[in-house]
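Colleague: Just passing along the structure, written as structure tokens.
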Amino acid sequence: MSGRGPASAPLVCPSCGEHHQPEERFCRHCAIPLIHDPQGIEVRPIDERAERARKIKPQLAEGKLVRAAWARNQAEAEFIQGLLLEEGIPSLLRRTAGFDVPDFLAAGPRDVLVPEAGLPAAREVLLQAELIDEHAVPTGVAPVRLLAGLLLALAVGALVVWAATALAH
Ligand SMILES: [Zn+2]
């Protein structure tokens, strides 16, 4: 028989919520001090950064940062980050140059940067998700996709001009 139910693991990690035996002092995952959990209240894994850190593959986190993708906005950029993280690739977001003026901080496009070591894996992920543009595909790109990309770029440009005009008044 193993243990005496939940009471045999009264310590809980405040970061990941994992229960531990009384003789342990630190979380085996997070290496942070455990706390008592007398009421059996479940501690939710609220620390997203710890969650991310666990997924990242160290071998993909080496080298200088290079641009792996371009996103139209923060939400899209975070979506891409999520996809990359699922494959163990860490990433950072940076406002695309030329859009880093206060009016566009929230809405402007983002560069998704990954460590050099993670770039090949990142490209594979993004290609499979059809999230990177034709620059990553050698030849034979369907003109329709290319045209759609150009139109999109124009639309974004027009929106930016409109927003700038609107905000100026
Ligand atoms: Zn933990």
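If you're wondering about the labels, chains in the structure tokens are A, B, ... by order shown, residues count from 1 in each chain, ligands from 1 in order shown.
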Sorted by chain and rising residue number, which residues of chain A lie within 6 Å of ligand 1, and what are their closest atom pairs and distances in Å to one decimal, counting only C-alpha atoms and all ligand atoms, as JSON lines?
Modeller:
{"residue": "A:Cys13", "atom": "CA", "partner": "ligand 1", "partner_atom_place_in_ligand_line": "1 (Zn)", "distance": 4.6}
{"residue": "A:Ser15", "atom": "CA", "partner": "ligand 1", "partner_atom_place_in_ligand_line": "1 (Zn)", "distance": 5.0}
{"residue": "A:Cys16", "atom": "CA", "partner": "ligand 1", "partner_atom_place_in_ligand_line": "1 (Zn)", "distance": 4.1}
{"residue": "A:Glu18", "atom": "CA", "partner": "ligand 1", "partner_atom_place_in_ligand_line": "1 (Zn)", "distance": 5.8}
{"residue": "A:Cys27", "atom": "CA", "partner": "ligand 1", "partner_atom_place_in_ligand_line": "1 (Zn)", "distance": 4.6}
{"residue": "A:His29", "atom": "CA", "partner": "ligand 1", "partner_atom_place_in_ligand_line": "1 (Zn)", "distance": 4.9}
{"residue": "A:Cys30", "atom": "CA", "partner": "ligand 1", "partner_atom_place_in_ligand_line": "1 (Zn)", "distance": 4.2}
Colleague: Report as a short mmCIF file (atom, residue, chain, number, x, y, z; two decimals) with C-alpha atoms, in the first residue's frame all protein, DNA and RNA residues lying within 7 Å of region 108-111 of chain A, evaluated on only C-alpha atoms, omitting residues in the same chain fewer than 3 positions from it.
Modeller:
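What follows is the written file selection.cif:
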data_model
loop_
_atom_site.label_atom_id
_atom_site.label_comp_id
_atom_site.auth_asym_id
_atom_site.auth_seq_id
_atom_site.Cartn_x
_atom_site.Cartn_y
_atom_site.Cartn_z
CA ARG A 67 14.01 36.71 -36.41
CA ALA A 69 8.56 35.21 -37.90
CA TRP A 70 6.59 38.38 -38.20
CA ALA A 71 3.22 38.87 -36.61
CA ARG A 72 0.59 41.49 -37.29
CA ASN A 73 -0.08 42.16 -33.64
CA GLN A 74 0.63 41.07 -30.11
CA ALA A 77 2.74 36.98 -31.94
CA LEU A 93 8.79 39.46 -29.11
CA ARG A 94 10.06 42.76 -30.39
CA ARG A 95 8.15 45.60 -31.97
CA THR A 96 8.88 45.67 -35.64
CA PHE A 99 6.25 50.79 -35.58
CA PHE A 104 1.30 51.59 -31.92
CA LEU A 105 2.75 49.97 -28.84
#
Colleague: Considering only C-alpha atoms, can you say which of A:Val66, A:Val12, A:Glu24, A:Thr165 comes closest to Pro120 (chain A)?
Modeller: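 Result for the nearest residue to Pro120 (chain A): A:Val66.
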Colleague: Mind giving me the straight-line distance from CA of Pro22 (chain A) to CA of Glu51 (chain A) in Å, one decimal?
Modeller: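 It comes out at 24.1 Å.
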Colleague: So, counting only C-alpha atoms, which residue among A:Ala153, A:Leu159, A:Gln81, A:Leu65 is closest to Ala107 (chain A)?
Modeller: A:Leu159
Colleague: How far is it from CA of Leu92 (chain A) to CA of Ala163 (chain A), in Å with one decimal?
Modeller: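 These two atoms are separated by 26.2 Å.
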Colleague: Quick one: which region 19-96 of chain A residues come within 6 Å of region 114-117 of chain A, and what is the nearest atom pair for each with the distance in Å to one decimal, counting only C-alpha atoms, rows ordered by chain and ascending number, as CSV?
Modeller:
residue,atom,partner,partner_atom,distance
A:Leu60,CA,A:Ala117,CA,5.0
A:Ala61,CA,A:Pro115,CA,5.4
A:Glu62,CA,A:Ala117,CA,5.3
A:Gly63,CA,A:Glu116,CA,4.9
A:Lys64,CA,A:Pro115,CA,5.4
A:Leu65,CA,A:Pro115,CA,4.4
A:Val66,CA,A:Val114,CA,5.5
A:Ser91,CA,A:Val114,CA,4.6
Colleague: Go ahead and write the selection's residues with N, CA and C atoms as a PDB file, in the first residue's frame.
Modeller:
ATOM      1  N   LEU A  60      17.895  24.208 -27.751  1.00  0.00           N
ATOM      2  CA  LEU A  60      17.285  25.124 -28.717  1.00  0.00           C
ATOM      3  C   LEU A  60      17.342  26.564 -28.234  1.00  0.00           C
ATOM      4  N   ALA A  61      18.007  26.777 -27.111  1.00  0.00           N
ATOM      5  CA  ALA A  61      18.006  28.107 -26.494  1.00  0.00           C
ATOM      6  C   ALA A  61      19.376  28.770 -26.575  1.00  0.00           C
ATOM      7  N   GLU A  62      20.193  28.297 -27.516  1.00  0.00           N
ATOM      8  CA  GLU A  62      21.549  28.834 -27.595  1.00  0.00           C
ATOM      9  C   GLU A  62      21.738  29.731 -28.815  1.00  0.00           C
ATOM     10  N   GLY A  63      22.718  30.629 -28.683  1.00  0.00           N
ATOM     11  CA  GLY A  63      23.042  31.511 -29.804  1.00  0.00           C
ATOM     12  C   GLY A  63      22.333  32.839 -29.705  1.00  0.00           C
ATOM     13  N   LYS A  64      22.696  33.721 -30.630  1.00  0.00           N
ATOM     14  CA  LYS A  64      22.075  35.046 -30.583  1.00  0.00           C
ATOM     15  C   LYS A  64      20.652  34.973 -31.130  1.00  0.00           C
ATOM     16  N   LEU A  65      19.885  36.006 -30.821  1.00  0.00           N
ATOM     17  CA  LEU A  65      18.494  36.019 -31.257  1.00  0.00           C
ATOM     18  C   LEU A  65      18.385  36.387 -32.729  1.00  0.00           C
ATOM     19  N   VAL A  66      17.584  35.635 -33.434  1.00  0.00           N
ATOM     20  CA  VAL A  66      17.339  35.907 -34.847  1.00  0.00           C
ATOM     21  C   VAL A  66      15.843  35.912 -35.089  1.00  0.00           C
ATOM     22  N   SER A  91      11.150  31.961 -27.235  1.00  0.00           N
ATOM     23  CA  SER A  91      11.115  33.086 -28.167  1.00  0.00           C
ATOM     24  C   SER A  91      10.844  34.385 -27.426  1.00  0.00           C
TER      25      SER A  91
END
Colleague: Distance CA of Ile89 (chain A)-CA of Ala75 (chain A), one decimal place?
Modeller: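 Separation of CA of Ile89 (chain A) and CA of Ala75 (chain A): 18.2 Å.
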Colleague: Please identify the helix (DSSP H, G or I) residues within region 77-128 of chain A (assignment by DSSP from backbone atoms) and present them as a PyMOL selection string.
Modeller: chain A and resi 77-86+102-104+116-128
Colleague: So which one's closest to Ala122 (chain A), A:Ala166, A:Ile80, A:Ala53, A:Val156? Using only C-alpha atoms, please.
Modeller: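 Smallest separation from Ala122 (chain A) among the options: A:Ile80.
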Colleague: Excluding Leu83 (chain A) and its own-chain neighbours fewer than 4 positions away, which residues fall within 8 Å of it when counting only C-alpha atoms? Please give them as a list of chain:residue names.
Modeller: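 That gives A:Phe79, A:Glu87, A:Val125.
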Colleague: Select from region 51-94 of chain A everything DSSP, run on the backbone, classes as strand (DSSP E), then give the selection as a ChimeraX atom specification.
Modeller: /A:65-71,92-94
